[in-house]
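Below: the structure, in C-alpha cells.
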Amino acid sequence: MSENRNMQKSGILGIGVATMDIYVNRNRMFPGGNEYNVACNAKILGARAGFLGVFGNDLYGPILEDTLKTCGVDISHCRHEIGSSGYSLVELKEDGDRIFLDWNKEGVTDLHPIQFTEEELAYVKSFQVASAGRCSTVSLDKLKLLHRNGVDICYDFHAIYSEEEIGSISPYIKYGFFSCSHLTVPEIRDTLKLAVESGCRIAVGTRGAESIIAYDGNDWYEQETFPVARVVDALGAGDSYIAAFLTSYLAEPERRETERIKKALEDAARYASGVIVKEGSIGIGFEL
C-alpha cells in the first residue's frame, strides 16, 4: 500500500526555457521564462514543483540553475549543454508594462530541446500536470507523445494563436491559457469555446487588469482582478496566474467542479496581483 502511495502523481512540472530577462534601463537582470516561472510560483505556493529544461555554460546558466535550487524547485532531470542560455532584452516602462527589445533565438534549449527519453517520460509522469507553451520548444509531436503517455498538459498559447493552432493543440491538453487583451469579449468566448470543443478540458482567457473569462464546456466563468495601488512590473504575471490556478485547482479534487474552478480563478487572480508589485517575474534579481 505504501508503495502505491509513493507512485501517486503530485505537483506541477514546468517544461521549457530558462531565460534571463535583462532590464536595459535598470541595469538589473531577472531569472525567468514562462515554465520556469510557473515552477517557481508553484513551489512558492506550497506545491511539489519541478523544472525540465537545459542550462547553458555561459554567465547566466549557473545563475538560472542556482535560483531554481534556492526556490526549492526540483531540477534533477535538467541537462547541461555548451552554448548560450536564453535571454531577452527588456525595457521596463513607468506603468510597469514592458517592451521586449530583442532575444536570442539560438539558445541551448532551441538547439538541444528535451527529447523525452524513457527516463524523462517517467519523471514527467510523476507530476499531476506538465506545463508548457508556445515558447517552450515542446513541439506538437511531443505534446502528442506526452498525451499518449497519460500526461495532463497545461498549455500557454500566449497572445498569438490561430484557429488552426488551437484546433491542432487542444485535443492533447487539459488546461489552455490565452492572453486575450487584444480581443473583444465575443472573440474571447469564441476562442475558449473552440479550445474546449477541440478537446481542452478548461480554457482560461486573461486580459491584464480586466476580468478573467473561463469555460469548461458546461459553464462560463468570470473573475474580476484584484486592483493594486501601483503596478511595478507586469512581467511574469500570466505565468504566476497559471501556477496559482493549477495549484488551487489540483489541491481540492473533492470539490464540485464548478466551485473548484471558481475558487482556482479567484485564488489565481489574488496571487497574480501580489506578483505585479514586485520587480521581475519571480521577485529575484541581480545587478548587471
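To be explicit about the labels: the chains of the C-alpha cells are called A, B, and onward in the order shown, and within each one the residues are counted from 1, while ligands get numbers from 1 in the order they are shown.
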
Run DSSP on the backbone and tell me which residues of segment 25-123 of chain A come out as strand (DSSP E); list them as an mmCIF file with N, CA and C atoms, in the first residue's frame.
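Wrote selection28.cif, looks like this:
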```cif
data_model
loop_
_atom_site.group_PDB
_atom_site.id
_atom_site.type_symbol
_atom_site.label_atom_id
_atom_site.label_comp_id
_atom_site.auth_asym_id
_atom_site.auth_seq_id
_atom_site.Cartn_x
_atom_site.Cartn_y
_atom_site.Cartn_z
ATOM 1 N N ARG A 28 19.673 45.761 -14.305
ATOM 2 C CA ARG A 28 19.401 44.585 -13.483
ATOM 3 C C ARG A 28 18.945 43.441 -14.382
ATOM 4 N N MET A 29 19.108 42.230 -13.883
ATOM 5 C CA MET A 29 18.667 41.056 -14.633
ATOM 6 C C MET A 29 17.882 40.133 -13.706
ATOM 7 N N PHE A 30 16.896 39.450 -14.287
ATOM 8 C CA PHE A 30 15.976 38.639 -13.507
ATOM 9 C C PHE A 30 15.795 37.264 -14.149
ATOM 10 N N PRO A 31 16.034 36.187 -13.396
ATOM 11 C CA PRO A 31 15.774 34.842 -13.927
ATOM 12 C C PRO A 31 14.292 34.684 -14.231
ATOM 13 N N GLY A 32 14.013 33.940 -15.313
ATOM 14 C CA GLY A 32 12.611 33.730 -15.661
ATOM 15 C C GLY A 32 12.459 32.793 -16.835
ATOM 16 N N ALA A 49 7.149 20.991 -7.032
ATOM 17 C CA ALA A 49 7.393 21.656 -8.311
ATOM 18 C C ALA A 49 8.709 21.203 -8.901
ATOM 19 N N GLY A 50 8.717 21.030 -10.216
ATOM 20 C CA GLY A 50 9.925 20.659 -10.926
ATOM 21 C C GLY A 50 10.062 21.471 -12.202
ATOM 22 N N PHE A 51 11.273 21.522 -12.713
ATOM 23 C CA PHE A 51 11.532 22.173 -13.989
ATOM 24 C C PHE A 51 12.368 21.242 -14.834
ATOM 25 N N LEU A 52 11.969 21.062 -16.086
ATOM 26 C CA LEU A 52 12.697 20.220 -17.022
ATOM 27 C C LEU A 52 13.143 21.098 -18.190
ATOM 28 N N VAL A 54 17.101 22.973 -20.142
ATOM 29 C CA VAL A 54 18.513 22.875 -20.482
ATOM 30 C C VAL A 54 19.232 24.131 -19.999
ATOM 31 N N PHE A 55 20.375 23.962 -19.357
ATOM 32 C CA PHE A 55 21.180 25.092 -18.887
ATOM 33 C C PHE A 55 22.425 25.231 -19.755
ATOM 34 N N ARG A 79 19.301 19.153 -18.195
ATOM 35 C CA ARG A 79 20.561 18.848 -18.865
ATOM 36 C C ARG A 79 21.423 20.100 -18.974
ATOM 37 N N HIS A 80 22.715 19.904 -19.192
ATOM 38 C CA HIS A 80 23.664 20.985 -19.413
ATOM 39 C C HIS A 80 24.269 20.829 -20.802
ATOM 40 N N GLY A 86 18.989 31.109 -22.635
ATOM 41 C CA GLY A 86 18.004 32.025 -23.182
ATOM 42 C C GLY A 86 18.151 33.377 -22.498
ATOM 43 N N TYR A 87 17.979 34.444 -23.248
ATOM 44 C CA TYR A 87 17.952 35.769 -22.623
ATOM 45 C C TYR A 87 17.111 36.706 -23.471
ATOM 46 N N SER A 88 16.561 37.720 -22.839
ATOM 47 C CA SER A 88 15.809 38.754 -23.555
ATOM 48 C C SER A 88 16.214 40.107 -23.007
ATOM 49 N N LEU A 89 16.223 41.094 -23.897
ATOM 50 C CA LEU A 89 16.499 42.468 -23.503
ATOM 51 C C LEU A 89 15.165 43.176 -23.337
ATOM 52 N N VAL A 90 14.947 43.724 -22.139
ATOM 53 C CA VAL A 90 13.645 44.276 -21.784
ATOM 54 C C VAL A 90 13.784 45.730 -21.356
ATOM 55 N N GLU A 91 12.830 46.538 -21.787
ATOM 56 C CA GLU A 91 12.735 47.913 -21.271
ATOM 57 C C GLU A 91 11.483 48.007 -20.413
ATOM 58 N N LEU A 92 11.650 48.317 -19.149
ATOM 59 C CA LEU A 92 10.514 48.424 -18.240
ATOM 60 C C LEU A 92 9.991 49.857 -18.255
ATOM 61 N N ARG A 98 6.135 46.314 -20.089
ATOM 62 C CA ARG A 98 7.494 46.115 -20.573
ATOM 63 C C ARG A 98 7.498 45.991 -22.090
ATOM 64 N N ILE A 99 8.629 46.317 -22.665
ATOM 65 C CA ILE A 99 8.835 46.190 -24.101
ATOM 66 C C ILE A 99 9.999 45.227 -24.319
ATOM 67 N N PHE A 100 9.771 44.179 -25.088
ATOM 68 C CA PHE A 100 10.856 43.247 -25.415
ATOM 69 C C PHE A 100 11.604 43.790 -26.622
ATOM 70 N N LEU A 101 12.865 44.134 -26.402
ATOM 71 C CA LEU A 101 13.668 44.756 -27.440
ATOM 72 C C LEU A 101 14.331 43.728 -28.349
ATOM 73 N N ASP A 102 14.786 42.637 -27.756
ATOM 74 C CA ASP A 102 15.479 41.610 -28.540
ATOM 75 C C ASP A 102 15.594 40.352 -27.688
ATOM 76 N N TRP A 103 15.900 39.243 -28.307
ATOM 77 C CA TRP A 103 16.132 37.997 -27.583
ATOM 78 C C TRP A 103 16.992 37.090 -28.446
#
```

Wanna dump the segment 225-244 of chain A-segment 194-204 of chain A contacts at 12 Å for me, each residue with its shortest atom pair and the distance in Å to one decimal, counting only C-alpha atoms, ordered by chain and number, as a Markdown table?
```
| residue | atom | partner | partner_atom | distance |
| --- | --- | --- | --- | --- |
| A:Gly238 | CA | A:Val204 | CA | 11.0 |
| A:Tyr241 | CA | A:Val204 | CA | 10.4 |
| A:Ile242 | CA | A:Val204 | CA | 9.3 |
```

Could you name the residues that touch Val38 of chain A at 9 Å or less, counting only C-alpha atoms, but leaving out those on the same chain fewer than 4 positions away, as a PyMOL selection string? chain A and resi 12-14+33-34+42-43+49+51+131+236+239-244

Long-range neighbours of Ser10 of chain A as a compact mmCIF listing (two decimals) with N, CA, C and O atoms, in the first residue's frame, 10 Å cut-off, only C-alpha atoms, 4 positions minimum in chain:
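Output file out-v1.txt is given in full below:
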```txt
# COMPACT_ATOMS: atom_id res chain seq x y z
N ASN A 6 3.40 6.06 -2.87
CA ASN A 6 4.60 6.74 -3.34
C ASN A 6 4.57 6.95 -4.85
O ASN A 6 5.22 7.84 -5.37
N ALA A 47 3.30 23.78 -3.55
CA ALA A 47 3.17 22.54 -4.31
C ALA A 47 4.54 21.90 -4.54
O ALA A 47 5.57 22.56 -4.49
N ARG A 48 4.53 20.61 -4.79
CA ARG A 48 5.74 19.98 -5.33
C ARG A 48 5.94 20.57 -6.72
O ARG A 48 4.99 20.68 -7.51
N ALA A 49 7.15 20.99 -7.03
CA ALA A 49 7.39 21.66 -8.31
C ALA A 49 8.71 21.20 -8.90
O ALA A 49 9.71 21.04 -8.20
N LYS A 125 5.77 11.90 -15.89
CA LYS A 125 4.55 11.21 -15.49
C LYS A 125 4.36 11.16 -13.98
O LYS A 125 3.28 10.81 -13.50
N SER A 126 5.40 11.52 -13.22
CA SER A 126 5.27 11.54 -11.76
C SER A 126 4.56 12.80 -11.27
O SER A 126 4.24 12.92 -10.08
N PHE A 127 4.31 13.76 -12.17
CA PHE A 127 3.63 15.00 -11.81
C PHE A 127 2.16 14.96 -12.25
O PHE A 127 1.81 14.28 -13.21
N GLN A 128 1.33 15.71 -11.53
CA GLN A 128 -0.08 15.78 -11.91
C GLN A 128 -0.28 16.54 -13.21
O GLN A 128 -1.17 16.22 -13.99
N VAL A 129 0.53 17.58 -13.41
CA VAL A 129 0.40 18.41 -14.61
C VAL A 129 1.78 18.79 -15.12
O VAL A 129 2.67 19.12 -14.33
N LEU A 250 -5.78 21.78 -8.31
CA LEU A 250 -5.34 20.42 -8.01
C LEU A 250 -5.43 20.08 -6.53
O LEU A 250 -5.51 18.91 -6.16
N ALA A 251 -5.45 21.12 -5.69
CA ALA A 251 -5.41 20.89 -4.24
C ALA A 251 -6.74 20.39 -3.68
O ALA A 251 -6.76 19.81 -2.59
```

Kindly give the distance, in Å, that separates atom CA of Gly208 of chain A and atom CA of Ser179 of chain A, rounded to a single decimal.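 These two atoms are separated by 8.1 Å.
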
Just the number, please: distance in Å from atom CA of Tyr36 of chain A to atom CA of Gly283 of chain A, one decimal. 13.0 Å

Mind checking which residues fall within 8 Å of Gly205 of chain A, counting only C-alpha atoms, ignoring those fewer than 6 positions away in the same chain, and posting them as a list of chain:residue names? A:Phe177, A:Phe178, A:Ser179, A:Cys180, A:Ile188, A:Leu192, A:Ile212, A:Ile213, A:Ala214

What does the file look like for those residues with N, CA, C and O atoms, as a PDB file, in the first residue's frame?
```
ATOM      1  N   PHE A 177      -4.458  28.197 -21.618  1.00  0.00           N
ATOM      2  CA  PHE A 177      -4.460  29.597 -21.177  1.00  0.00           C
ATOM      3  C   PHE A 177      -4.151  30.500 -22.359  1.00  0.00           C
ATOM      4  O   PHE A 177      -3.238  30.241 -23.141  1.00  0.00           O
ATOM      5  N   PHE A 178      -4.918  31.587 -22.454  1.00  0.00           N
ATOM      6  CA  PHE A 178      -4.810  32.514 -23.570  1.00  0.00           C
ATOM      7  C   PHE A 178      -4.686  33.941 -23.047  1.00  0.00           C
ATOM      8  O   PHE A 178      -5.446  34.330 -22.145  1.00  0.00           O
ATOM      9  N   SER A 179      -3.761  34.715 -23.602  1.00  0.00           N
ATOM     10  CA  SER A 179      -3.687  36.150 -23.320  1.00  0.00           C
ATOM     11  C   SER A 179      -4.612  36.839 -24.312  1.00  0.00           C
ATOM     12  O   SER A 179      -4.392  36.781 -25.521  1.00  0.00           O
ATOM     13  N   CYS A 180      -5.638  37.510 -23.784  1.00  0.00           N
ATOM     14  CA  CYS A 180      -6.740  37.964 -24.635  1.00  0.00           C
ATOM     15  C   CYS A 180      -6.991  39.469 -24.593  1.00  0.00           C
ATOM     16  O   CYS A 180      -8.076  39.921 -24.989  1.00  0.00           O
ATOM     17  N   ILE A 188     -13.204  36.435 -27.378  1.00  0.00           N
ATOM     18  CA  ILE A 188     -12.633  35.586 -26.319  1.00  0.00           C
ATOM     19  C   ILE A 188     -13.481  34.339 -26.135  1.00  0.00           C
ATOM     20  O   ILE A 188     -12.966  33.214 -26.051  1.00  0.00           O
ATOM     21  N   LEU A 192     -12.179  30.470 -26.530  1.00  0.00           N
ATOM     22  CA  LEU A 192     -12.232  29.476 -25.463  1.00  0.00           C
ATOM     23  C   LEU A 192     -13.146  28.311 -25.837  1.00  0.00           C
ATOM     24  O   LEU A 192     -12.849  27.148 -25.539  1.00  0.00           O
ATOM     25  N   ILE A 212     -11.096  38.037 -15.845  1.00  0.00           N
ATOM     26  CA  ILE A 212     -10.691  36.793 -16.491  1.00  0.00           C
ATOM     27  C   ILE A 212     -11.957  36.035 -16.892  1.00  0.00           C
ATOM     28  O   ILE A 212     -12.942  36.014 -16.150  1.00  0.00           O
ATOM     29  N   ILE A 213     -11.922  35.422 -18.062  1.00  0.00           N
ATOM     30  CA  ILE A 213     -13.052  34.641 -18.554  1.00  0.00           C
ATOM     31  C   ILE A 213     -12.587  33.196 -18.737  1.00  0.00           C
ATOM     32  O   ILE A 213     -11.480  32.941 -19.213  1.00  0.00           O
ATOM     33  N   ALA A 214     -13.436  32.239 -18.332  1.00  0.00           N
ATOM     34  CA  ALA A 214     -13.078  30.826 -18.464  1.00  0.00           C
ATOM     35  C   ALA A 214     -14.293  30.022 -18.914  1.00  0.00           C
ATOM     36  O   ALA A 214     -15.448  30.432 -18.722  1.00  0.00           O
TER      37      ALA A 214
END
```

Could you give me the residues within segment 91-287 of chain A that DSSP places in helix (DSSP H, G or I), as a ChimeraX atom specification? /A:108-111,118-124,140-148,163-172,185-197,237-251,257-275
